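*Asks:* File name upload_21.cif; file contents mmCIF, C-alpha atoms; full text below.
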```
data_protein
loop_
_atom_site.label_atom_id
_atom_site.label_comp_id
_atom_site.auth_asym_id
_atom_site.auth_seq_id
_atom_site.Cartn_x
_atom_site.Cartn_y
_atom_site.Cartn_z
CA VAL R 1 0.00 0.00 0.00
CA LEU R 2 1.45 3.34 -1.02
CA VAL R 3 1.65 5.84 1.78
CA VAL R 4 2.92 8.67 -0.46
CA VAL R 5 0.71 11.66 0.31
CA ARG R 6 0.97 14.26 -2.43
CA SER R 7 -2.52 15.72 -2.11
CA PRO R 8 -3.98 15.33 1.35
CA LEU R 9 -7.35 16.95 0.47
CA PRO R 10 -9.90 14.37 -0.73
CA ARG R 11 -11.65 16.63 -3.22
CA LEU R 12 -8.46 17.49 -5.06
CA ARG R 13 -7.47 13.86 -4.90
CA ALA R 14 -10.76 12.86 -6.54
CA LEU R 15 -10.25 15.46 -9.28
CA LEU R 16 -6.73 14.25 -9.91
CA GLN R 17 -7.88 10.64 -10.07
CA ARG R 18 -10.57 11.59 -12.57
CA CYS R 19 -8.11 13.55 -14.72
CA TRP R 20 -5.53 10.79 -14.54
CA GLY R 21 -8.18 8.21 -15.42
CA ARG R 22 -9.22 10.27 -18.43
CA LEU R 23 -5.62 10.58 -19.54
CA GLU R 24 -5.03 6.85 -19.24
CA ARG R 25 -8.18 6.03 -21.12
CA GLY R 26 -7.04 8.26 -23.94
CA LEU R 27 -9.91 10.77 -23.64
CA TRP R 28 -7.38 13.59 -23.45
CA PRO R 29 -4.98 12.93 -26.31
CA GLY R 30 -3.91 16.50 -26.84
CA VAL R 31 -2.96 17.36 -23.27
CA PHE R 32 0.82 16.88 -23.33
CA GLY R 33 1.32 16.95 -27.06
CA GLY R 34 3.28 13.73 -27.21
CA GLN R 35 5.72 14.48 -24.38
CA SER R 36 5.83 12.73 -21.06
CA PRO R 37 3.73 14.45 -18.41
CA PRO R 38 5.77 17.42 -17.17
CA CYS R 39 4.40 17.27 -13.66
CA GLY R 40 2.69 13.97 -13.32
CA PRO R 41 0.14 14.12 -10.55
CA ALA R 42 0.94 11.49 -7.97
CA LEU R 43 -1.83 9.29 -6.72
CA ALA R 44 -2.33 9.56 -3.02
CA VAL R 45 -3.68 6.32 -1.76
CA GLN R 46 -4.08 6.94 1.89
CA GLY R 47 -5.64 4.07 3.76
CA PRO R 48 -5.84 4.74 7.44
CA ALA R 49 -7.36 1.31 8.19
CA LEU R 50 -4.74 -0.48 6.09
CA VAL R 51 -1.66 1.14 7.61
CA PRO R 52 0.47 -1.72 8.89
CA GLN R 53 0.75 -0.77 12.50
CA GLY R 54 0.56 -2.76 15.68
CA ILE R 55 -2.76 -3.45 17.44
CA SER R 56 -1.61 -1.34 20.35
CA ASP R 57 -1.19 1.66 18.04
CA THR R 58 -4.73 1.51 16.57
CA GLY R 59 -6.17 3.31 19.56
CA GLU R 60 -3.81 6.29 19.11
CA SER R 61 -4.10 6.35 15.29
CA SER R 62 -7.91 6.22 15.36
CA ALA R 63 -7.88 9.21 17.69
CA GLU R 64 -5.46 11.21 15.45
CA VAL R 65 -6.67 10.30 11.97
CA PRO R 66 -10.38 11.35 12.25
CA SER R 67 -9.23 14.81 13.27
CA LEU R 68 -7.21 15.03 10.02
CA LEU R 69 -10.03 13.84 7.76
CA GLU R 70 -13.11 15.20 9.53
CA SER R 71 -11.77 18.70 9.91
CA VAL R 72 -11.20 18.67 6.16
CA LEU R 73 -14.84 17.67 5.45
CA TRP R 74 -16.09 20.83 7.23
CA MET R 75 -14.77 23.17 4.51
CA ALA R 76 -17.24 25.64 2.99
CA ALA R 77 -18.51 24.60 -0.41
CA PRO R 78 -21.41 25.79 -2.56
CA LYS R 79 -24.49 23.62 -2.15
CA HIS R 80 -26.39 24.57 -5.29
CA ARG R 81 -25.53 25.84 -8.70
CA ARG R 82 -26.00 29.60 -9.06
CA THR R 83 -28.52 30.16 -11.83
CA ILE R 84 -27.78 32.52 -14.68
CA GLU R 85 -30.46 34.91 -13.38
CA VAL R 86 -28.71 35.19 -10.02
CA ASN R 87 -25.36 35.53 -11.74
CA ARG R 88 -26.67 38.30 -13.96
CA CYS R 89 -28.09 40.20 -10.97
CA ARG R 90 -24.66 40.10 -9.35
CA ARG R 91 -22.65 40.96 -12.47
CA ARG R 92 -24.94 43.75 -13.69
CA ASN R 93 -25.46 45.40 -10.32
CA PRO R 94 -24.98 49.19 -10.71
CA SER R 95 -22.06 49.10 -8.30
CA LYS R 96 -20.19 46.85 -10.76
CA LEU R 97 -20.90 48.89 -13.87
CA ILE R 98 -18.29 51.40 -15.04
CA GLU R 99 -19.13 54.94 -13.96
CA ILE R 100 -19.24 57.82 -16.44
CA LYS R 101 -16.32 60.19 -15.88
CA ARG R 102 -17.40 63.79 -15.57
CA ASN R 103 -13.93 65.34 -15.28
CA ILE R 104 -13.01 65.45 -18.97
CA ASP R 105 -12.28 68.83 -20.55
CA VAL R 106 -10.72 70.24 -23.71
CA CYS R 107 -7.09 71.35 -23.58
CA PRO R 108 -6.93 75.10 -24.43
CA GLU R 109 -3.53 74.70 -26.12
CA CYS R 110 -4.00 71.85 -28.58
CA GLY R 111 -7.73 71.08 -28.46
CA ASN R 112 -7.37 67.43 -27.47
CA LEU R 113 -9.27 65.96 -24.55
CA LYS R 114 -7.70 65.98 -21.11
CA GLN R 115 -8.72 65.10 -17.58
CA LYS R 116 -9.01 68.09 -15.27
CA HIS R 117 -6.34 67.03 -12.78
CA VAL R 118 -3.93 65.53 -15.36
CA LEU R 119 -1.66 67.17 -17.95
CA CYS R 120 -2.79 67.01 -21.56
CA GLY R 121 -1.31 63.88 -23.14
CA TYR R 122 -0.56 65.48 -26.49
CA CYS R 123 1.19 68.54 -25.03
CA TYR R 124 3.16 66.33 -22.65
CA ALA R 125 4.32 64.12 -25.52
CA LYS R 126 5.31 67.23 -27.48
CA VAL R 127 7.43 68.58 -24.60
CA LYS R 128 8.92 65.13 -23.94
CA GLU R 129 10.08 64.84 -27.56
CA GLU R 130 11.73 68.26 -27.49
CA THR R 131 13.43 67.43 -24.16
CA ARG R 132 14.78 64.22 -25.66
CA LEU R 133 16.38 66.14 -28.53
CA ILE R 134 17.89 68.69 -26.10
CA ARG R 135 19.32 65.82 -24.07
CA ILE R 136 20.92 64.36 -27.21
CA GLU R 137 22.65 67.71 -27.78
CA ILE R 138 23.82 67.73 -24.16
CA HIS R 139 25.26 64.23 -24.52
CA LYS R 140 27.10 65.28 -27.67
CA LYS R 141 28.69 68.16 -25.75
CA GLU R 142 29.58 66.20 -22.63
CA ARG R 143 30.84 63.10 -24.46
CA GLY R 144 30.65 60.74 -21.52
CA PRO R 145 29.22 60.25 -18.03
CA PHE R 146 30.18 62.40 -15.02
CA ASN R 147 31.05 65.40 -17.23
CA ALA R 148 28.18 67.65 -16.22
CA PRO R 149 29.46 71.18 -15.54
CA THR R 150 28.70 72.96 -12.30
CA VAL R 151 27.09 75.95 -14.06
CA GLU R 152 23.52 76.43 -15.33
CA THR R 153 22.44 75.49 -18.83
CA VAL R 154 20.67 77.69 -21.38
CA VAL R 155 19.01 76.40 -24.56
CA LEU R 156 19.21 78.71 -27.58
CA TYR R 157 17.37 78.18 -30.84
CA GLU R 158 18.10 79.48 -34.32
CA GLY R 159 18.92 83.15 -34.57
CA GLU R 160 19.29 83.78 -30.84
CA LYS R 161 22.30 85.24 -29.15
CA PRO R 162 23.30 84.78 -25.51
CA THR R 163 22.30 87.83 -23.43
CA GLU R 164 24.17 89.45 -20.48
CA LYS R 165 22.23 87.25 -18.06
CA ASP R 166 23.68 84.10 -19.73
CA GLU R 167 27.27 85.07 -18.97
CA GLY R 168 28.73 82.10 -17.18
CA LYS R 169 26.18 79.51 -18.29
CA ARG R 170 26.65 76.52 -20.55
CA ILE R 171 24.91 77.05 -23.91
CA ILE R 172 23.11 74.26 -25.80
CA GLU R 173 22.20 75.04 -29.40
CA ARG R 174 19.17 73.52 -31.11
CA ALA R 175 18.86 73.80 -34.87
CA ARG R 176 15.23 74.77 -35.12
CA LYS R 177 12.87 77.67 -34.53
CA ARG R 178 11.95 78.34 -30.90
CA PRO R 179 8.67 76.51 -30.07
CA SER R 180 5.88 78.81 -28.95
CA TRP R 181 5.49 77.09 -25.59
CA PHE R 182 9.19 77.42 -24.64
CA VAL R 183 9.41 80.93 -23.30
CA GLN R 184 12.82 82.56 -23.46
CA ASN R 185 14.14 84.14 -20.33
CA TRP H 186 -12.24 51.90 -66.29
CA LEU H 187 -15.72 50.57 -66.90
CA ALA H 188 -14.37 47.02 -66.47
CA SER H 189 -12.80 47.87 -63.10
CA GLY H 190 -16.08 49.42 -61.93
CA SER H 191 -17.99 46.19 -62.64
CA LEU H 192 -15.32 43.96 -61.04
CA PHE H 193 -15.25 45.91 -57.77
CA PRO H 194 -18.43 44.49 -56.09
CA LEU H 195 -17.25 40.91 -56.82
CA SER H 196 -13.75 41.31 -55.42
CA CYS H 197 -14.89 42.25 -51.92
CA ILE H 198 -16.83 38.98 -51.56
CA HIS H 199 -13.88 36.78 -52.51
CA THR H 200 -11.20 38.44 -50.40
CA SER H 201 -12.87 37.93 -47.03
CA THR H 202 -13.59 34.19 -47.25
CA SER H 203 -10.01 33.16 -46.60
CA LEU H 204 -9.80 33.55 -42.81
CA TRP H 205 -13.38 32.78 -41.73
CA GLN H 206 -15.64 30.53 -43.73
CA LYS H 207 -18.41 33.10 -44.08
CA ILE H 208 -19.10 36.82 -43.82
CA GLY H 209 -20.85 37.49 -40.54
CA LYS H 210 -24.45 38.65 -40.31
CA TRP H 211 -23.43 42.00 -38.88
CA GLU H 212 -21.25 42.81 -41.87
CA LYS H 213 -24.10 41.91 -44.22
CA LYS H 214 -26.40 44.45 -42.53
CA ASN H 215 -24.51 47.25 -44.22
CA ARG H 216 -25.55 45.94 -47.62
CA ILE H 217 -29.32 46.40 -47.37
CA VAL H 218 -30.66 49.01 -49.76
CA TYR H 219 -33.99 50.63 -49.01
CA PRO H 220 -36.32 51.73 -51.80
CA PRO H 221 -36.32 55.49 -52.46
CA GLN H 222 -38.43 57.43 -49.99
CA LEU H 223 -41.66 59.15 -51.02
CA PRO H 224 -41.65 62.97 -50.92
CA GLY H 225 -43.87 63.23 -47.81
CA GLU H 226 -42.01 60.70 -45.60
CA PRO H 227 -39.71 61.82 -42.77
CA ARG H 228 -36.06 61.31 -43.54
CA ARG H 229 -34.75 57.89 -42.58
CA PRO H 230 -31.59 58.31 -40.45
CA ALA H 231 -28.46 56.60 -41.75
CA GLU H 232 -27.42 53.39 -39.98
CA ILE H 233 -23.86 52.14 -39.95
CA TYR H 234 -23.00 48.62 -38.75
CA HIS H 235 -19.42 47.81 -37.82
CA CYS H 236 -17.74 45.04 -35.89
CA ARG H 237 -14.38 43.60 -35.00
CA ARG H 238 -13.84 39.86 -34.65
CA GLU H 239 -11.57 37.76 -32.45
CA ILE H 240 -10.41 40.45 -30.03
CA LYS H 241 -8.09 38.97 -27.40
CA TYR H 242 -10.26 39.96 -24.40
CA SER H 243 -12.98 38.41 -22.29
CA LYS H 244 -16.54 38.95 -23.47
CA ASP H 245 -17.80 39.61 -19.94
CA LYS H 246 -15.21 42.32 -19.34
CA MET H 247 -15.90 43.82 -22.75
CA TRP H 248 -19.61 43.88 -21.95
CA TYR H 249 -19.08 46.50 -19.23
CA LEU H 250 -17.54 48.87 -21.78
CA ALA H 251 -20.30 48.16 -24.28
CA LYS H 252 -22.90 48.94 -21.59
CA LEU H 253 -21.11 52.20 -20.75
CA ILE H 254 -21.30 53.38 -24.34
CA LYS H 255 -24.88 52.42 -25.18
CA GLY H 256 -26.99 55.45 -26.05
CA MET H 257 -24.19 58.03 -25.93
CA SER H 258 -23.18 60.38 -28.70
CA ILE H 259 -20.02 59.34 -30.46
CA ASP H 260 -17.93 62.21 -29.07
CA GLN H 261 -18.92 61.45 -25.51
CA ALA H 262 -18.22 57.75 -26.06
CA LEU H 263 -14.74 58.47 -27.46
CA ALA H 264 -13.99 60.76 -24.49
CA GLN H 265 -15.04 58.12 -21.96
CA LEU H 266 -13.06 55.39 -23.70
CA GLU H 267 -9.93 57.48 -23.98
CA PHE H 268 -9.64 57.83 -20.23
CA SER H 269 -10.77 54.33 -19.33
CA ASP H 270 -8.08 52.02 -17.98
CA LYS H 271 -9.42 48.86 -19.56
CA LYS H 272 -7.67 47.02 -22.37
CA GLY H 273 -10.87 46.74 -24.38
CA ALA H 274 -11.35 50.52 -24.33
CA LYS H 275 -8.52 51.03 -26.81
CA VAL H 276 -9.98 48.43 -29.17
CA ILE H 277 -13.50 49.86 -29.01
CA LYS H 278 -12.15 53.35 -29.64
CA GLU H 279 -10.45 52.15 -32.82
CA VAL H 280 -13.66 50.44 -33.93
CA LEU H 281 -15.68 53.62 -33.34
CA LEU H 282 -13.22 55.76 -35.27
CA GLU H 283 -13.25 53.30 -38.16
CA ALA H 284 -17.05 53.30 -38.16
CA GLN H 285 -17.14 57.10 -38.10
CA GLU H 286 -14.76 57.21 -41.07
CA MET H 287 -16.89 54.66 -42.95
CA ALA H 288 -20.02 56.68 -42.21
CA VAL H 289 -18.59 59.87 -43.67
CA ARG H 290 -17.05 58.26 -46.73
CA LYS H 291 -19.55 55.60 -47.78
CA HIS H 292 -22.85 56.11 -45.99
CA ASN H 293 -23.55 59.73 -46.89
CA VAL H 294 -23.35 61.13 -43.38
CA GLU H 295 -22.85 64.88 -43.42
CA PHE H 296 -21.46 65.61 -39.94
CA LYS H 297 -19.25 63.08 -38.22
CA SER H 298 -20.32 64.33 -34.78
CA ASN H 299 -24.00 63.88 -35.53
CA LEU H 300 -23.87 60.15 -34.80
CA HIS H 301 -24.99 58.28 -31.75
CA ILE H 302 -24.53 54.69 -30.68
CA ALA H 303 -27.81 52.82 -31.02
CA GLU H 304 -26.52 49.31 -30.23
CA SER H 305 -23.26 48.01 -28.88
CA GLN H 306 -22.91 44.32 -28.16
CA THR H 307 -20.24 41.74 -27.44
CA GLY H 308 -20.12 38.18 -28.63
CA ARG H 309 -18.11 35.10 -27.83
CA GLY H 310 -15.14 34.37 -30.06
CA ARG H 311 -13.29 31.10 -30.43
CA TYR H 312 -11.90 29.71 -27.17
CA VAL H 313 -8.76 27.60 -26.80
CA LYS H 314 -8.15 25.30 -23.83
CA ARG H 315 -4.71 25.25 -22.31
CA LEU H 316 -2.97 23.59 -19.36
CA ARG H 317 -2.13 25.74 -16.36
CA CYS H 318 0.43 24.15 -14.01
CA HIS H 319 0.02 24.74 -10.28
CA GLY H 320 2.34 23.68 -7.49
CA LYS H 321 2.64 20.16 -6.12
CA GLY H 322 2.09 18.59 -9.52
CA MET H 323 -1.46 19.79 -9.88
CA PHE H 324 -2.84 21.31 -13.03
CA GLY H 325 -5.99 22.91 -14.25
CA MET H 326 -7.42 23.66 -17.66
CA MET H 327 -7.72 27.31 -18.50
CA LYS H 328 -9.46 28.76 -21.48
CA ILE H 329 -7.97 31.56 -23.55
CA SER H 330 -11.02 33.55 -24.56
CA ARG H 331 -11.63 35.93 -27.39
CA CYS H 332 -14.61 38.12 -28.14
CA HIS H 333 -16.28 40.02 -30.94
CA TYR H 334 -17.55 43.59 -30.65
CA PHE H 335 -20.52 44.91 -32.63
CA VAL H 336 -21.62 48.53 -32.90
CA LYS H 337 -24.46 50.28 -34.74
CA LEU H 338 -24.17 54.02 -35.30
CA VAL H 339 -27.26 56.01 -36.23
CA GLU H 340 -27.27 59.56 -37.54
CA GLY H 341 -28.84 62.18 -35.33
CA PRO H 342 -28.56 63.35 -31.72
CA PRO H 343 -28.76 60.68 -29.02
CA PRO H 344 -32.28 59.90 -27.78
CA PRO H 345 -33.14 61.40 -24.37
CA PRO H 346 -32.72 58.89 -21.53
CA GLU H 347 -35.89 57.27 -20.23
CA PRO H 348 -37.05 58.66 -16.88
CA PRO H 349 -36.77 55.97 -14.20
CA ARG H 350 -39.99 54.25 -13.18
CA THR H 351 -41.20 55.75 -9.93
CA GLY H 352 -43.58 54.25 -7.40
CA PHE H 353 -46.23 56.67 -8.61
CA ASP H 354 -46.06 55.22 -12.14
CA GLN H 355 -46.31 51.71 -10.80
CA ALA H 356 -49.31 52.70 -8.67
CA LYS H 357 -51.02 54.30 -11.68
CA GLU H 358 -50.48 51.16 -13.74
CA TYR H 359 -51.89 49.00 -10.95
CA VAL H 360 -55.02 51.17 -10.67
CA GLN H 361 -55.43 51.03 -14.45
CA GLN H 362 -55.20 47.23 -14.36
CA LEU H 363 -57.92 47.15 -11.70
CA ARG H 364 -60.13 49.41 -13.79
CA ASN H 365 -59.67 47.22 -16.86
CA ARG H 366 -61.25 44.23 -15.16
CA THR H 367 -64.59 43.21 -16.70
CA LEU H 368 -66.91 40.22 -16.68
CA VAL H 369 -66.37 37.85 -19.59
CA HIS H 370 -69.01 35.89 -21.50
CA THR H 371 -71.88 37.87 -19.96
CA LEU H 372 -74.50 40.35 -21.10
#
```
Have the structure of the file written as structure tokens, please.

*Replies:*
Amino acid sequence: VLVVVRSPLPRLRALLQRCWGRLERGLWPGVFGGQSPPCGPALAVQGPALVPQGISDTGESSAEVPSLLESVLWMAAPKHRRTIEVNRCRRRNPSKLIEIKRNIDVCPECGNLKQKHVLCGYCYAKVKEETRLIRIEIHKKERGPFNAPTVETVVLYEGEKPTEKDEGKRIIERARKRPSWFVQN
Amino acid sequence: WLASGSLFPLSCIHTSTSLWQKIGKWEKKNRIVYPPQLPGEPRRPAEIYHCRREIKYSKDKMWYLAKLIKGMSIDQALAQLEFSDKKGAKVIKEVLLEAQEMAVRKHNVEFKSNLHIAESQTGRGRYVKRLRCHGKGMFGMMKISRCHYFVKLVEGPPPPPEPPRTGFDQAKEYVQQLRNRTLVHTL
């Protein structure tokens, strides 16, 4: 008698036995696709009455074993099948439906939609793209990590000259017209 | 170019039979042609049917989005879908934009904002069963589900929402039922 206990719960054991039986009878040909079972479920044949123990031990084992099995039989399980009407009432309850969002506005800059408390996605993408190009210029100037200067940086576009305020600052040149949203200061 | 004009209606039937065996019923609804209207009749609003098949999403989860959109104008629906966090929202938004484009180009709709969503439904696509390995050598069968999404756009502003049934309406109906009682098979 095998005492290997892989699945101590009887319900799972029954499911495994059914699945294994189906596999052996060939009702599930396409399960493993020709390979050996990757994780073959082990059969747990636990026979408390058949355990070869001495007669003196039966008193102790009968006291221990029912507590193992009977406590397992008290698990909560559904008694009846939930009908589709009951299921629909639960799934279509107004609390489960998606609520309409009332915080959507139009961005005054570009005209796309935006949420009131969030930046406009289009404008953000626009600024992100320009920042990426500026960063490329910075990398070209620095030519390596840990070369950032200790002074401020100023970005100048086509046709702009550095003013008196930009005396000691590092200048990054971008070869395009100044975008309307990037205010020069 | 006369020959190409006559070949065009045939070519669209043959190209779509490769992937699925038949053209779905929803796609065929766009082909109905009504007889010309008489001068006194009110104008029939344009109806546009569009769908997308085999979307990799669950039909139950997609249903919530379809229920959200039902009865809205197309602009409002696009706004709601843009800021929804669901995966199906992106797909439905593409479908709506495609349908709007089709409406303007082929179905003689004048204003692309003058559309509202009359019907929006989900359907079950083809499922595939797969093995899902758990611990301790146990396994379960999971199903990879796909869904279809169907939408019908109708020209015109969205219909006003129905007022909810109050207790007063129910009471009136009950009294009316009582008043309708008569004696049958008598003088």

*Asks:* Name the residues captured by the PyMOL selection byres ((chain H) within 8 of (chain R)) when it is applied to the shown file; answer as a list in words.

*Replies:* Tyr249, Leu250, Lys252, Leu253, Ala264, Gln265, Phe268, Leu316, Cys318, Lys321, Gly322 and Met323 of chain H

*Asks:* Evaluate the PyMOL selection byres ((chain H and resi 296) around 12) against this structure - the residues, as number ranges by chain, please.

*Replies:* H: 231, 259-260, 285-286, 288-290, 292-295, 297-301, 339-342

*Asks:* Let's have the selection written as a tab-separated table (two decimals), in the coordinates of the input, with C-alpha atoms.

*Replies:*
```tsv
chain	number	residue	atom	x	y	z
H	231	ALA	CA	-28.46	56.60	-41.75
H	259	ILE	CA	-20.02	59.34	-30.46
H	260	ASP	CA	-17.93	62.21	-29.07
H	285	GLN	CA	-17.14	57.10	-38.10
H	286	GLU	CA	-14.76	57.21	-41.07
H	288	ALA	CA	-20.02	56.68	-42.21
H	289	VAL	CA	-18.59	59.87	-43.67
H	290	ARG	CA	-17.05	58.26	-46.73
H	292	HIS	CA	-22.85	56.11	-45.99
H	293	ASN	CA	-23.55	59.73	-46.89
H	294	VAL	CA	-23.35	61.13	-43.38
H	295	GLU	CA	-22.85	64.88	-43.42
H	297	LYS	CA	-19.25	63.08	-38.22
H	298	SER	CA	-20.32	64.33	-34.78
H	299	ASN	CA	-24.00	63.88	-35.53
H	300	LEU	CA	-23.87	60.15	-34.80
H	301	HIS	CA	-24.99	58.28	-31.75
H	339	VAL	CA	-27.26	56.01	-36.23
H	340	GLU	CA	-27.27	59.56	-37.54
H	341	GLY	CA	-28.84	62.18	-35.33
H	342	PRO	CA	-28.56	63.35	-31.72
```

*Asks:* Which residues match the PyMOL selection byres ((chain R and resi 123-132) around 12) in the file above, as a PyMOL selection string?

*Replies:* chain R and resi 107-114+118-122+133-139+155+157+172+174-182

*Asks:* Between CA of Tyr359 (chain H) and CA of Glu347 (chain H), what is the distance in Å, rounded to a tenth?

*Replies:*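 The value is 20.3 Å.
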
*Asks:* Considering only C-alpha atoms, return as a ChimeraX atom specification whatever protein or nucleic-acid residues lie within 12 Å of Thr150 (chain R), sequence-local ones (same chain, fewer than 6 positions apart) excluded.

*Replies:* /R:168-170

*Asks:* Write a file of the just-selected residues containing C-alpha atoms, as a PDB file, in the coordinates of the input.

*Replies:*
```pdb
ATOM      1  CA  GLY R 168      28.730  82.100 -17.180  1.00  0.00           C
ATOM      2  CA  LYS R 169      26.180  79.510 -18.290  1.00  0.00           C
ATOM      3  CA  ARG R 170      26.650  76.520 -20.550  1.00  0.00           C
TER       4      ARG R 170
END
```

*Asks:* Between CA of Thr307 (chain H) and CA of His333 (chain H), measure the distance and give it in Å to one decimal.

*Replies:* 5.6 Å

*Asks:* Using only C-alpha atoms, which of the listed residues (H:Ile302, H:Glu279, H:Gly352, H:Phe335) sits closest to Lys210 (chain H)?

*Replies:*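 Counting only C-alpha atoms, the residue closest to Lys210 (chain H) is H:Phe335.
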
*Asks:* Would you mind listing what lies within 9 Å of Tyr234 (chain H) as a list in words, with all atoms listed in the file counted and same-chain residues fewer than 2 positions away left out?

*Replies:*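 What passes the distance filter is Trp211, Glu212, Lys213, Lys214, Asn215, Glu232, Cys236, Ala284, Phe335, Val336, Lys337, Leu338 and Val339 of chain H.
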